[in-house]
file final.cif (mmCIF, C-alpha atoms)
data_final
#
loop_
_atom_site.label_atom_id
_atom_site.label_comp_id
_atom_site.auth_asym_id
_atom_site.auth_seq_id
_atom_site.Cartn_x
_atom_site.Cartn_y
_atom_site.Cartn_z
CA MET A 1 13.14 -18.26 7.77
CA ASN A 2 10.72 -18.02 10.65
CA PRO A 3 9.89 -21.59 11.82
CA ASP A 4 6.36 -20.49 12.72
CA ILE A 5 5.64 -20.05 9.01
CA ARG A 6 6.83 -23.32 7.46
CA ASN A 7 9.12 -26.21 8.31
CA ASP A 8 10.07 -26.59 4.66
CA ALA A 9 11.29 -23.48 2.87
CA THR A 10 10.01 -24.85 -0.44
CA ALA A 11 6.55 -25.74 0.85
CA LEU A 12 4.83 -22.84 -0.89
CA LYS A 13 6.70 -23.37 -4.15
CA GLY A 14 6.34 -26.11 -6.71
CA ARG A 15 9.27 -28.16 -7.97
CA SER A 16 9.92 -25.63 -10.72
CA GLY A 17 10.34 -22.84 -8.16
CA GLN A 18 6.99 -21.35 -9.12
CA MET A 19 4.60 -20.47 -6.30
CA ASP A 20 2.27 -23.32 -5.37
CA ILE A 21 -1.04 -21.44 -5.41
CA ASP A 22 -3.07 -24.37 -4.10
CA ARG A 23 -0.81 -24.62 -1.06
CA ILE A 24 -1.00 -20.89 -0.56
CA LYS A 25 -4.80 -20.84 -0.80
CA ALA A 26 -4.93 -23.49 1.94
CA ASP A 27 -3.29 -21.04 4.36
CA PHE A 28 -6.19 -18.56 4.10
CA PRO A 29 -9.22 -19.69 6.13
CA ILE A 30 -11.57 -17.10 4.64
CA LEU A 31 -11.09 -18.52 1.14
CA LYS A 32 -12.67 -21.79 2.25
CA GLN A 33 -16.08 -20.26 2.91
CA PRO A 34 -18.72 -20.11 0.16
CA VAL A 35 -20.27 -16.75 -0.70
CA ASN A 36 -23.84 -16.73 -1.94
CA GLY A 37 -23.58 -20.45 -2.66
CA HIS A 38 -20.42 -20.14 -4.76
CA ARG A 39 -16.67 -20.54 -4.26
CA LEU A 40 -15.23 -17.27 -3.00
CA VAL A 41 -13.08 -15.59 -5.63
CA TYR A 42 -11.44 -12.67 -3.85
CA LEU A 43 -10.30 -9.97 -6.28
CA ASP A 44 -10.34 -6.88 -4.05
CA ASN A 45 -6.74 -7.03 -2.89
CA ALA A 46 -5.93 -3.42 -3.69
CA ALA A 47 -8.40 -2.50 -0.93
CA THR A 48 -7.15 -5.08 1.56
CA SER A 49 -5.58 -8.51 1.35
CA GLN A 50 -6.76 -11.60 3.16
CA LYS A 51 -4.75 -12.92 6.13
CA PRO A 52 -3.07 -16.33 6.37
CA LYS A 53 -3.66 -18.45 9.43
CA GLN A 54 -0.07 -17.75 10.53
CA VAL A 55 -0.91 -14.06 10.95
CA ILE A 56 -4.23 -14.78 12.64
CA ASP A 57 -2.53 -17.23 15.01
CA ALA A 58 0.12 -14.61 15.86
CA ILE A 59 -2.58 -12.19 17.05
CA VAL A 60 -4.15 -14.87 19.25
CA LYS A 61 -0.74 -15.93 20.56
CA TYR A 62 0.09 -12.39 21.62
CA TYR A 63 -3.12 -12.00 23.63
CA ASN A 64 -2.76 -15.48 25.11
CA GLU A 65 0.90 -15.29 26.08
CA SER A 66 2.34 -11.77 26.20
CA ASN A 67 -0.37 -9.13 26.37
CA ALA A 68 1.13 -6.07 28.09
CA ASN A 69 1.91 -2.47 27.27
CA ILE A 70 5.31 -1.87 25.74
CA HIS A 71 8.41 0.19 26.57
CA ARG A 72 7.31 1.28 30.04
CA GLY A 73 6.97 -1.84 32.14
CA LEU A 74 9.80 -3.76 33.77
CA HIS A 75 7.86 -6.95 34.40
CA THR A 76 8.26 -10.10 32.29
CA LEU A 77 5.21 -9.70 30.04
CA ALA A 78 6.03 -6.06 29.29
CA GLU A 79 9.61 -6.92 28.37
CA LYS A 80 8.41 -9.83 26.23
CA ALA A 81 5.93 -7.66 24.35
CA THR A 82 8.45 -4.83 23.92
CA SER A 83 11.07 -7.17 22.51
CA ALA A 84 8.61 -8.68 20.01
CA TYR A 85 7.36 -5.24 18.95
CA GLU A 86 10.84 -3.81 18.41
CA ASN A 87 11.95 -6.90 16.52
CA VAL A 88 9.27 -6.11 13.93
CA ARG A 89 10.80 -2.67 13.46
CA VAL A 90 14.11 -4.34 12.61
CA HIS A 91 12.31 -6.79 10.31
CA ALA A 92 10.43 -4.03 8.49
CA ALA A 93 13.67 -2.09 8.01
CA ARG A 94 15.26 -5.16 6.45
CA PHE A 95 12.22 -5.82 4.24
CA ILE A 96 12.50 -2.41 2.56
CA GLY A 97 16.16 -2.69 1.71
CA GLY A 98 18.09 -2.73 4.95
CA VAL A 99 17.53 0.81 6.18
CA ASP A 100 18.32 2.05 9.70
CA ASN A 101 15.58 0.57 11.90
CA SER A 102 15.39 3.83 13.88
CA GLU A 103 14.01 5.41 10.69
CA VAL A 104 10.97 3.08 10.76
CA ILE A 105 7.90 4.56 12.44
CA PHE A 106 4.74 2.54 13.09
CA THR A 107 1.46 4.31 12.30
CA SER A 108 -2.12 3.22 11.73
CA GLY A 109 -1.58 3.06 7.97
CA THR A 110 -0.43 4.91 4.87
CA THR A 111 -3.01 7.65 5.40
CA GLU A 112 -1.72 8.55 8.86
CA SER A 113 1.86 8.29 7.64
CA ILE A 114 1.31 10.85 4.88
CA ASN A 115 -0.70 13.15 7.13
CA THR A 116 2.11 12.97 9.70
CA ILE A 117 4.57 14.39 7.18
CA ALA A 118 2.10 17.01 5.93
CA ARG A 119 1.42 18.22 9.47
CA THR A 120 5.06 18.17 10.60
CA TRP A 121 7.57 18.63 7.81
CA GLY A 122 4.99 20.35 5.63
CA GLU A 123 3.80 22.90 8.17
CA LYS A 124 7.38 23.66 9.17
CA ASN A 125 8.80 24.05 5.66
CA ILE A 126 6.07 25.04 3.18
CA ARG A 127 5.42 28.76 2.75
CA SER A 128 3.48 31.06 0.45
CA GLY A 129 4.99 31.00 -3.02
CA ASP A 130 6.33 27.45 -2.65
CA GLU A 131 5.07 24.66 -4.88
CA ILE A 132 3.97 21.11 -4.09
CA VAL A 133 3.93 18.64 -6.99
CA ILE A 134 1.60 15.64 -7.11
CA THR A 135 0.31 13.49 -9.97
CA GLU A 136 -3.14 13.11 -11.46
CA MET A 137 -3.32 9.48 -10.37
CA GLU A 138 -2.93 9.99 -6.62
CA HIS A 139 -5.15 8.33 -4.03
CA HIS A 140 -6.96 10.91 -1.89
CA ALA A 141 -4.59 10.04 0.97
CA ASN A 142 -1.69 11.44 -1.06
CA LEU A 143 -3.66 14.38 -2.44
CA VAL A 144 -5.96 15.85 0.20
CA PRO A 145 -3.21 16.47 2.83
CA TRP A 146 -1.22 18.47 0.27
CA LEU A 147 -4.30 20.30 -0.97
CA VAL A 148 -5.14 21.36 2.59
CA LEU A 149 -1.53 22.32 3.27
CA SER A 150 -1.35 24.44 0.13
CA GLN A 151 -4.60 26.20 1.01
CA ASN A 152 -3.42 26.88 4.56
CA THR A 153 0.00 28.17 3.55
CA GLY A 154 -0.62 29.89 0.22
CA ALA A 155 1.57 27.37 -1.62
CA THR A 156 0.68 26.26 -5.14
CA LEU A 157 -0.35 22.66 -5.85
CA ARG A 158 0.91 21.51 -9.25
CA ARG A 159 0.37 18.17 -10.92
CA ILE A 160 1.97 15.82 -13.40
CA SER A 161 -0.55 14.80 -16.06
CA LEU A 162 -1.08 11.39 -17.66
CA THR A 163 -0.53 9.87 -21.07
CA PRO A 164 -3.52 8.24 -22.83
CA ASP A 165 -2.43 4.80 -21.57
CA GLY A 166 -2.30 5.91 -17.93
CA GLN A 167 1.38 6.57 -17.40
CA LEU A 168 2.93 9.79 -16.14
CA ASP A 169 3.55 12.32 -18.88
CA LEU A 170 7.10 13.46 -18.15
CA THR A 171 7.66 15.41 -21.36
CA ASN A 172 7.49 18.75 -19.55
CA ILE A 173 8.64 17.57 -16.14
CA ASN A 174 11.40 20.21 -16.03
CA ASP A 175 8.71 22.88 -16.18
CA ILE A 176 6.70 21.27 -13.36
CA ILE A 177 9.47 20.44 -10.87
CA THR A 178 11.33 23.73 -10.56
CA ALA A 179 13.39 25.73 -8.09
CA ARG A 180 10.11 26.69 -6.40
CA THR A 181 9.21 23.05 -5.74
CA ARG A 182 9.55 22.08 -2.09
CA LEU A 183 7.90 18.65 -2.16
CA VAL A 184 7.03 15.99 -4.74
CA ALA A 185 4.43 13.42 -3.61
CA VAL A 186 3.98 10.45 -5.93
CA ALA A 187 2.46 6.98 -5.83
CA HIS A 188 4.90 4.15 -6.47
CA MET A 189 2.04 2.17 -8.00
CA SER A 190 -1.46 3.44 -8.83
CA ASN A 191 -4.37 1.80 -7.03
CA VAL A 192 -6.61 2.45 -10.06
CA LEU A 193 -4.41 2.21 -13.15
CA GLY A 194 -1.89 -0.27 -11.80
CA THR A 195 0.84 1.94 -13.28
CA ILE A 196 4.31 1.57 -11.77
CA ASN A 197 5.87 5.02 -11.70
CA PRO A 198 9.57 5.85 -12.27
CA VAL A 199 9.97 7.25 -8.77
CA ALA A 200 13.77 7.10 -8.82
CA ASP A 201 13.95 9.32 -11.92
CA ILE A 202 11.45 11.76 -10.44
CA ALA A 203 13.36 11.83 -7.14
CA GLU A 204 16.65 12.54 -8.90
CA LEU A 205 15.20 15.60 -10.62
CA ALA A 206 13.42 16.77 -7.45
CA HIS A 207 16.64 16.57 -5.45
CA ARG A 208 18.50 18.56 -8.08
CA ARG A 209 15.86 21.25 -7.61
CA GLY A 210 16.26 21.13 -3.83
CA ALA A 211 12.92 19.41 -3.16
CA ILE A 212 12.18 16.35 -1.07
CA VAL A 213 10.16 13.34 -2.22
CA LEU A 214 7.40 11.41 -0.49
CA VAL A 215 6.41 8.09 -2.07
CA ASP A 216 3.06 6.42 -1.40
CA GLY A 217 4.05 2.76 -1.43
CA ALA A 218 0.72 1.29 -0.32
CA GLN A 219 0.25 -0.62 -3.57
CA ALA A 220 3.90 -1.32 -4.36
CA ALA A 221 5.25 -2.77 -1.12
CA PRO A 222 2.88 -5.79 -1.14
CA HIS A 223 3.53 -6.71 -4.76
CA MET A 224 7.15 -6.07 -5.76
CA PRO A 225 10.63 -5.79 -4.23
CA VAL A 226 11.14 -2.35 -2.68
CA ASP A 227 14.58 -1.01 -1.87
CA ILE A 228 14.11 2.40 -0.29
CA LYS A 229 17.60 3.53 -1.18
CA GLN A 230 17.00 2.82 -4.87
CA THR A 231 13.72 4.76 -4.96
CA GLY A 232 15.43 8.00 -3.95
CA ALA A 233 12.56 8.72 -1.57
CA ASP A 234 12.96 10.92 1.49
CA PHE A 235 9.75 9.54 2.99
CA TYR A 236 8.06 6.24 2.08
CA ALA A 237 4.73 4.96 3.42
CA PHE A 238 2.85 1.66 3.24
CA SER A 239 0.21 -0.38 5.07
CA ALA A 240 0.29 -3.84 6.64
CA HIS A 241 -3.30 -4.75 5.76
CA LYS A 242 -2.59 -4.74 2.01
CA MET A 243 0.26 -7.24 2.45
CA LEU A 244 -1.26 -10.05 4.54
CA GLY A 245 -0.99 -8.15 7.83
CA PRO A 246 -3.64 -6.80 10.21
CA THR A 247 -5.55 -3.59 9.70
CA GLY A 248 -4.52 -0.54 11.71
CA VAL A 249 -0.77 -0.90 11.14
CA GLY A 250 1.33 1.21 8.81
CA VAL A 251 4.98 1.98 8.26
CA LEU A 252 6.42 5.43 7.71
CA TRP A 253 10.07 5.48 6.73
CA GLY A 254 11.94 8.78 6.70
CA ARG A 255 15.52 9.93 6.43
CA LYS A 256 16.80 10.29 9.98
CA THR A 257 18.10 13.82 9.46
CA LEU A 258 14.62 14.91 8.36
CA LEU A 259 12.84 13.07 11.17
CA GLU A 260 15.13 14.58 13.79
CA ASP A 261 14.47 18.06 12.44
CA ILE A 262 10.67 18.01 12.60
CA PRO A 263 8.27 18.07 15.56
CA PRO A 264 5.99 15.16 16.46
CA PHE A 265 2.51 14.91 15.00
CA THR A 266 0.78 13.48 18.09
CA THR A 267 1.78 14.17 21.67
CA GLY A 268 1.28 12.21 24.87
CA GLY A 269 2.95 9.27 26.53
CA GLU A 270 6.17 7.59 25.39
CA MET A 271 7.11 10.24 22.82
CA ILE A 272 8.67 12.48 25.46
CA ARG A 273 12.01 12.47 27.25
CA GLU A 274 11.15 15.00 29.96
CA VAL A 275 8.02 16.98 30.81
CA ARG A 276 7.76 19.95 33.14
CA PHE A 277 4.94 22.42 33.59
CA ASP A 278 6.76 24.93 31.42
CA ARG A 279 8.54 22.82 28.81
CA VAL A 280 8.86 19.42 27.17
CA THR A 281 11.74 17.54 25.54
CA TRP A 282 10.94 15.04 22.79
CA ASN A 283 12.11 11.44 22.77
CA ASP A 284 14.56 10.15 20.15
CA VAL A 285 13.44 9.03 16.69
CA PRO A 286 11.42 6.89 16.06
CA HIS A 287 9.67 7.00 19.44
CA LYS A 288 9.11 10.74 19.11
CA PHE A 289 6.41 9.90 16.55
CA GLU A 290 4.71 7.02 18.40
CA ALA A 291 2.60 8.59 21.13
CA GLY A 292 0.33 6.47 23.28
CA THR A 293 -0.33 2.75 23.15
CA PRO A 294 0.09 1.48 19.58
CA ASN A 295 -1.58 -1.48 17.89
CA ILE A 296 0.81 -3.88 19.60
CA ALA A 297 -0.89 -7.10 18.53
CA GLY A 298 -1.18 -5.87 14.96
CA VAL A 299 2.48 -4.89 14.70
CA ILE A 300 3.64 -8.19 16.18
CA ALA A 301 1.41 -10.14 13.78
CA PHE A 302 2.77 -8.06 10.89
CA ASP A 303 6.08 -9.82 11.52
CA ARG A 304 4.47 -13.08 10.38
CA ALA A 305 3.10 -11.41 7.25
CA LEU A 306 6.54 -10.12 6.31
CA SER A 307 8.05 -13.58 6.85
CA TYR A 308 5.36 -15.17 4.69
CA LEU A 309 6.09 -12.78 1.82
CA GLU A 310 9.84 -13.25 2.21
CA GLU A 311 9.46 -17.02 2.03
CA LEU A 312 7.60 -16.70 -1.24
CA GLY A 313 10.10 -14.14 -2.47
CA MET A 314 9.01 -10.70 -3.62
CA GLU A 315 10.57 -11.34 -7.04
CA ASN A 316 8.43 -14.48 -7.37
CA ILE A 317 5.33 -12.57 -6.31
CA ARG A 318 6.05 -9.93 -8.93
CA SER A 319 6.59 -12.57 -11.64
CA HIS A 320 3.36 -14.33 -10.69
CA GLU A 321 1.39 -11.10 -10.93
CA ILE A 322 2.93 -10.14 -14.27
CA GLU A 323 1.83 -13.47 -15.73
CA LEU A 324 -1.62 -13.40 -14.13
CA SER A 325 -2.25 -9.74 -14.98
CA GLY A 326 -1.37 -10.40 -18.61
CA TYR A 327 -3.78 -13.33 -18.69
CA ALA A 328 -6.54 -11.28 -17.05
CA ILE A 329 -6.08 -8.35 -19.45
CA ASN A 330 -6.20 -10.61 -22.50
CA ARG A 331 -9.31 -12.36 -21.26
CA LEU A 332 -11.09 -9.10 -20.45
CA LEU A 333 -10.33 -7.78 -23.90
CA GLU A 334 -12.11 -10.78 -25.39
CA LEU A 335 -15.35 -9.10 -24.29
CA ASP A 336 -16.74 -6.44 -26.62
CA GLY A 337 -17.33 -3.09 -24.93
CA ILE A 338 -14.79 -3.62 -22.14
CA GLU A 339 -12.29 -0.78 -21.69
CA ILE A 340 -9.26 -1.27 -19.44
CA GLN A 341 -7.72 1.75 -17.73
CA GLY A 342 -3.95 1.99 -17.50
CA PRO A 343 -1.14 0.25 -19.37
CA LEU A 344 -1.97 -3.02 -21.12
CA ASP A 345 1.61 -4.28 -20.80
CA PRO A 346 1.71 -6.23 -17.51
CA HIS A 347 5.40 -5.39 -17.08
CA LEU A 348 4.46 -1.71 -16.68
CA ARG A 349 1.80 -2.26 -14.07
CA GLY A 350 0.67 -4.13 -10.99
CA GLY A 351 -2.34 -6.37 -10.54
CA ALA A 352 -5.00 -3.69 -9.97
CA ILE A 353 -7.04 -3.82 -13.18
CA SER A 354 -9.78 -1.21 -13.55
CA PHE A 355 -12.26 -1.58 -16.37
CA THR A 356 -15.63 -0.36 -17.59
CA ASP A 357 -18.39 -1.91 -19.66
CA ALA A 358 -19.93 0.36 -22.27
CA LYS A 359 -23.47 -0.64 -21.28
CA ILE A 360 -23.39 -1.70 -17.60
CA HIS A 361 -22.59 0.54 -14.61
CA PRO A 362 -19.64 -0.65 -12.49
CA HIS A 363 -21.83 -0.87 -9.39
CA ASP A 364 -24.21 -3.22 -11.20
CA ILE A 365 -21.28 -5.32 -12.34
CA SER A 366 -19.93 -5.57 -8.80
CA THR A 367 -23.32 -6.43 -7.31
CA PHE A 368 -23.99 -9.18 -9.84
CA LEU A 369 -20.49 -10.63 -9.48
CA ASP A 370 -20.97 -10.77 -5.72
CA SER A 371 -24.07 -12.91 -6.26
CA ARG A 372 -21.69 -15.38 -7.92
CA GLY A 373 -19.14 -15.27 -5.10
CA ILE A 374 -16.72 -12.91 -6.83
CA ALA A 375 -15.47 -9.93 -4.83
CA ILE A 376 -14.30 -6.90 -6.81
CA ARG A 377 -14.42 -3.17 -6.08
CA ALA A 378 -16.54 -0.61 -7.90
CA GLY A 379 -16.51 3.18 -7.53
CA HIS A 380 -13.99 5.99 -7.70
CA HIS A 381 -11.43 4.10 -5.55
CA CYS A 382 -10.61 7.23 -3.52
CA ALA A 383 -9.33 8.89 -6.69
CA GLN A 384 -12.08 11.25 -7.82
CA PRO A 385 -9.78 13.70 -9.68
CA LEU A 386 -8.33 10.77 -11.63
CA MET A 387 -11.82 9.62 -12.57
CA ARG A 388 -12.60 13.08 -13.93
CA THR A 389 -9.33 13.04 -15.90
CA MET A 390 -10.34 9.68 -17.42
CA GLY A 391 -13.89 10.89 -18.09
CA LYS A 392 -15.36 8.18 -15.86
CA VAL A 393 -17.82 8.30 -12.99
CA ALA A 394 -16.54 5.00 -11.66
CA THR A 395 -14.78 1.81 -12.72
CA ALA A 396 -14.92 -1.82 -11.75
CA ARG A 397 -11.61 -3.06 -10.36
CA ALA A 398 -10.31 -6.61 -10.09
CA SER A 399 -7.06 -6.67 -8.14
CA LEU A 400 -4.85 -9.73 -7.80
CA TYR A 401 -2.57 -11.25 -5.20
CA ILE A 402 -0.60 -14.34 -4.27
CA TYR A 403 -3.60 -16.68 -3.82
CA ASN A 404 -5.21 -15.83 -7.16
CA ASP A 405 -4.78 -18.00 -10.25
CA ARG A 406 -6.11 -18.47 -13.75
CA MET A 407 -9.16 -20.31 -12.42
CA ASP A 408 -10.11 -17.11 -10.57
CA ILE A 409 -9.73 -15.06 -13.75
CA ASP A 410 -11.79 -17.57 -15.73
CA ALA A 411 -14.50 -17.39 -13.07
CA LEU A 412 -14.47 -13.59 -13.37
CA ILE A 413 -14.84 -13.72 -17.16
CA ASP A 414 -17.63 -16.31 -17.01
CA ALA A 415 -19.48 -14.18 -14.44
CA LEU A 416 -19.04 -11.05 -16.56
CA LYS A 417 -20.58 -12.88 -19.51
CA GLU A 418 -23.44 -13.92 -17.28
CA THR A 419 -23.81 -10.32 -16.09
CA ARG A 420 -24.25 -9.21 -19.68
CA ARG A 421 -26.90 -11.82 -20.34
CA TYR A 422 -28.72 -10.79 -17.17
CA PHE A 423 -28.78 -7.13 -18.24
CA GLY A 424 -29.66 -8.02 -21.82
CA VAL A 425 -26.38 -6.77 -23.31
#
call {"tool": "encode", "arguments": {"input": "final.cif", "output": "structure tokens"}}
result
Amino acid sequence: MNPDIRNDATALKGRSGQMDIDRIKADFPILKQPVNGHRLVYLDNAATSQKPKQVIDAIVKYYNESNANIHRGLHTLAEKATSAYENVRVHAARFIGGVDNSEVIFTSGTTESINTIARTWGEKNIRSGDEIVITEMEHHANLVPWLVLSQNTGATLRRISLTPDGQLDLTNINDIITARTRLVAVAHMSNVLGTINPVADIAELAHRRGAIVLVDGAQAAPHMPVDIKQTGADFYAFSAHKMLGPTGVGVLWGRKTLLEDIPPFTTGGEMIREVRFDRVTWNDVPHKFEAGTPNIAGVIAFDRALSYLEELGMENIRSHEIELSGYAINRLLELDGIEIQGPLDPHLRGGAISFTDAKIHPHDISTFLDSRGIAIRAGHHCAQPLMRTMGKVATARASLYIYNDRMDIDALIDALKETRRYFGV
């Protein structure tokens, strides 16, 4: 365990081994501030998580003690910064199941990671007549790049539909993933429905058909154990800012044989081995894909976020969210006119709970809750096609994380009741 996180490995857990939520809350400075005269109840974690003081301190420490550009300098600060940066690559590789750290590429986030594969592997391998398979629950970041690629190449974009309770309908999957399929792009966990998808089963079929699989792990990696090898993915992407880390940092994992076979997405400094006026030779993976000066401070601080999550234990985080999601769903269903999107069984989903009120627009719900210090998200959640599939214009979404507890859920329910009284419902 990283000594910068805790001196006592059990400090964030109670005597029963359960997570000590009060101790965890104390690590997040932003949770101490009142909002509109009320205690802040932060339930917008699917959009971004809050940052513990250990992560914030790591950013300050970098700028105070080792600020320098990486990989190129031979002076002490440059070597110090380079070592810290590359150690995070090793840490991230271990966090996702012990993959080869040279397969870990740092990006600005999941969106850039997916676009990198669309613009490199996709443009090299997708042709007219090929098929790309997505699902109806995808975030725009795992839909628009493939839509654009299909339009530019003449490929066909196919989709896996949903069951009434918001799970993937796999009854005709053999007719969707076929010999013409070149790529399957699927969310590990939906940011709207909370649904956890059977990515390993989908990947097995895709591979039998000769296709590769890209998994959007933005919602899964912060909330549950992820072993890349068990997912069957060929590419896997996630973002630091949804898992206690800074914004502007993402991880793209790819099989080394695939990464070595595709060109870089961005060109410039560091990603080259040799440049002449008539030719260029690319650097080795992963540096081939990391042109220019990266978000050095953000990557180094991400190390602290990963350590914090590891100390808690991803299995414990998952168990906490199953229990809290179940409690939240049951309490929401106490209110007449509330409809929850996605599976009601908390074992089938994560902590992103989207709901609608039959008589109050989601934006009005969100605005009123904010007046009571409760932060949720309202809108289409960057999933407009999914909204149309559900027959919704928008939903309200309360999304949970490690510092949320039953008191937060009770505050949400009380505020929703007050919202209804305010609007005369």
call {"tool": "residues_around", "arguments": {"input": "final.cif", "residues": "Thr48 of chain A", "least_positions_apart": "5", "cutoff": "12 Å", "atoms": "only C-alpha atoms", "output": "PDB file with C-alpha atoms, in the coordinates of the input"}}
result
ATOM      1  CA  TYR A  42     -11.440 -12.670  -3.850  1.00  0.00           C
ATOM      2  CA  LEU A  43     -10.300  -9.970  -6.280  1.00  0.00           C
ATOM      3  CA  GLY A 109      -1.580   3.060   7.970  1.00  0.00           C
ATOM      4  CA  ASN A 191      -4.370   1.800  -7.030  1.00  0.00           C
ATOM      5  CA  ALA A 218       0.720   1.290  -0.320  1.00  0.00           C
ATOM      6  CA  GLN A 219       0.250  -0.620  -3.570  1.00  0.00           C
ATOM      7  CA  PRO A 222       2.880  -5.790  -1.140  1.00  0.00           C
ATOM      8  CA  SER A 239       0.210  -0.380   5.070  1.00  0.00           C
ATOM      9  CA  ALA A 240       0.290  -3.840   6.640  1.00  0.00           C
ATOM     10  CA  HIS A 241      -3.300  -4.750   5.760  1.00  0.00           C
ATOM     11  CA  LYS A 242      -2.590  -4.740   2.010  1.00  0.00           C
ATOM     12  CA  MET A 243       0.260  -7.240   2.450  1.00  0.00           C
ATOM     13  CA  LEU A 244      -1.260 -10.050   4.540  1.00  0.00           C
ATOM     14  CA  GLY A 245      -0.990  -8.150   7.830  1.00  0.00           C
ATOM     15  CA  PRO A 246      -3.640  -6.800  10.210  1.00  0.00           C
ATOM     16  CA  THR A 247      -5.550  -3.590   9.700  1.00  0.00           C
ATOM     17  CA  GLY A 248      -4.520  -0.540  11.710  1.00  0.00           C
ATOM     18  CA  ALA A 352      -5.000  -3.690  -9.970  1.00  0.00           C
ATOM     19  CA  ALA A 375     -15.470  -9.930  -4.830  1.00  0.00           C
ATOM     20  CA  ILE A 376     -14.300  -6.900  -6.810  1.00  0.00           C
ATOM     21  CA  ARG A 377     -14.420  -3.170  -6.080  1.00  0.00           C
ATOM     22  CA  SER A 399      -7.060  -6.670  -8.140  1.00  0.00           C
ATOM     23  CA  LEU A 400      -4.850  -9.730  -7.800  1.00  0.00           C
ATOM     24  CA  TYR A 401      -2.570 -11.250  -5.200  1.00  0.00           C
TER      25      TYR A 401
END
call {"tool": "residues_around", "arguments": {"input": "final.cif", "residues": "Gly268 of chain A", "least_positions_apart": "4", "cutoff": "12 Å", "atoms": "all atoms listed in the file", "output": "mmCIF file with C-alpha atoms, keeping the file's coordinate frame"}}
result
data_model
loop_
_atom_site.group_PDB
_atom_site.id
_atom_site.type_symbol
_atom_site.label_atom_id
_atom_site.label_comp_id
_atom_site.auth_asym_id
_atom_site.auth_seq_id
_atom_site.Cartn_x
_atom_site.Cartn_y
_atom_site.Cartn_z
ATOM 1 C CA PRO A 264 5.990 15.160 16.460
ATOM 2 C CA ILE A 272 8.670 12.480 25.460
ATOM 3 C CA ARG A 273 12.010 12.470 27.250
ATOM 4 C CA GLU A 274 11.150 15.000 29.960
ATOM 5 C CA VAL A 275 8.020 16.980 30.810
ATOM 6 C CA VAL A 280 8.860 19.420 27.170
ATOM 7 C CA THR A 281 11.740 17.540 25.540
ATOM 8 C CA TRP A 282 10.940 15.040 22.790
ATOM 9 C CA ASN A 283 12.110 11.440 22.770
ATOM 10 C CA HIS A 287 9.670 7.000 19.440
ATOM 11 C CA LYS A 288 9.110 10.740 19.110
ATOM 12 C CA PHE A 289 6.410 9.900 16.550
ATOM 13 C CA GLU A 290 4.710 7.020 18.400
ATOM 14 C CA ALA A 291 2.600 8.590 21.130
ATOM 15 C CA GLY A 292 0.330 6.470 23.280
ATOM 16 C CA THR A 293 -0.330 2.750 23.150
#
call {"tool": "residues_around", "arguments": {"input": "final.cif", "residues": "Tyr327 of chain A", "least_positions_apart": "6", "cutoff": "12 Å", "atoms": "all atoms listed in the file", "output": "ChimeraX atom specification"}}
result
/A:320-321,333-334,344-346,351,353,400,404-410,412-413
call {"tool": "resolve_selection", "arguments": {"input": "final.cif", "expression": "the PyMOL selection byres ((chain A and resi 199-210) around 12)", "output": "PyMOL selection string"}}
result
chain A and resi 130-135+160+168-170+173-189+195-198+211-217+220+226-236
call {"tool": "closest_residue", "arguments": {"input": "final.cif", "among": "A:Gly166, A:Pro286, A:Gly250, A:Pro362", "to": "Val192 of chain A", "atoms": "all atoms listed in the file"}}
result
A:Gly166
call {"tool": "resolve_selection", "arguments": {"input": "final.cif", "expression": "the PyMOL selection byres ((chain A and resi 68) around 9)", "output": "MDAnalysis selection string"}}
result
chainID A and resid 63 66:67 69:70 73 77:82 296
call {"tool": "atom_distance", "arguments": {"input": "final.cif", "atom1": "atom CA of Lys51 of chain A", "atom2": "atom CA of Ala221 of chain A"}}
result
16.0 Å
call {"tool": "atom_distance", "arguments": {"input": "final.cif", "atom1": "atom CA of Pro145 of chain A", "atom2": "atom CA of Ser108 of chain A"}}
result
16.0 Å
call {"tool": "closest_residue", "arguments": {"input": "final.cif", "among": "A:Ile317, A:Leu324, A:Ile30, A:Val251", "to": "Lys53 of chain A", "atoms": "all atoms listed in the file"}}
result
A:Ile30
call {"tool": "axis_aligned_box", "arguments": {"input": "final.cif", "around": "segment 323-330 of chain A", "padding_each_side": "4 Å", "output": "AutoDock Vina command-line options"}}
result
--center_x -2.4 --center_y -10.9 --center_z -18.3 --size_x 16.4 --size_y 13.1 --size_z 16.4
call {"tool": "resolve_selection", "arguments": {"input": "final.cif", "expression": "the PyMOL selection byres ((chain A and resi 24) around 9)", "output": "mmCIF file with C-alpha atoms, keeping the file's coordinate frame"}}
result
data_model
loop_
_atom_site.group_PDB
_atom_site.id
_atom_site.type_symbol
_atom_site.label_atom_id
_atom_site.label_comp_id
_atom_site.auth_asym_id
_atom_site.auth_seq_id
_atom_site.Cartn_x
_atom_site.Cartn_y
_atom_site.Cartn_z
ATOM 1 C CA LEU A 12 4.830 -22.840 -0.890
ATOM 2 C CA LYS A 13 6.700 -23.370 -4.150
ATOM 3 C CA MET A 19 4.600 -20.470 -6.300
ATOM 4 C CA ASP A 20 2.270 -23.320 -5.370
ATOM 5 C CA ILE A 21 -1.040 -21.440 -5.410
ATOM 6 C CA ASP A 22 -3.070 -24.370 -4.100
ATOM 7 C CA ARG A 23 -0.810 -24.620 -1.060
ATOM 8 C CA LYS A 25 -4.800 -20.840 -0.800
ATOM 9 C CA ALA A 26 -4.930 -23.490 1.940
ATOM 10 C CA ASP A 27 -3.290 -21.040 4.360
ATOM 11 C CA PHE A 28 -6.190 -18.560 4.100
ATOM 12 C CA PRO A 52 -3.070 -16.330 6.370
ATOM 13 C CA ILE A 402 -0.600 -14.340 -4.270
ATOM 14 C CA TYR A 403 -3.600 -16.680 -3.820
#
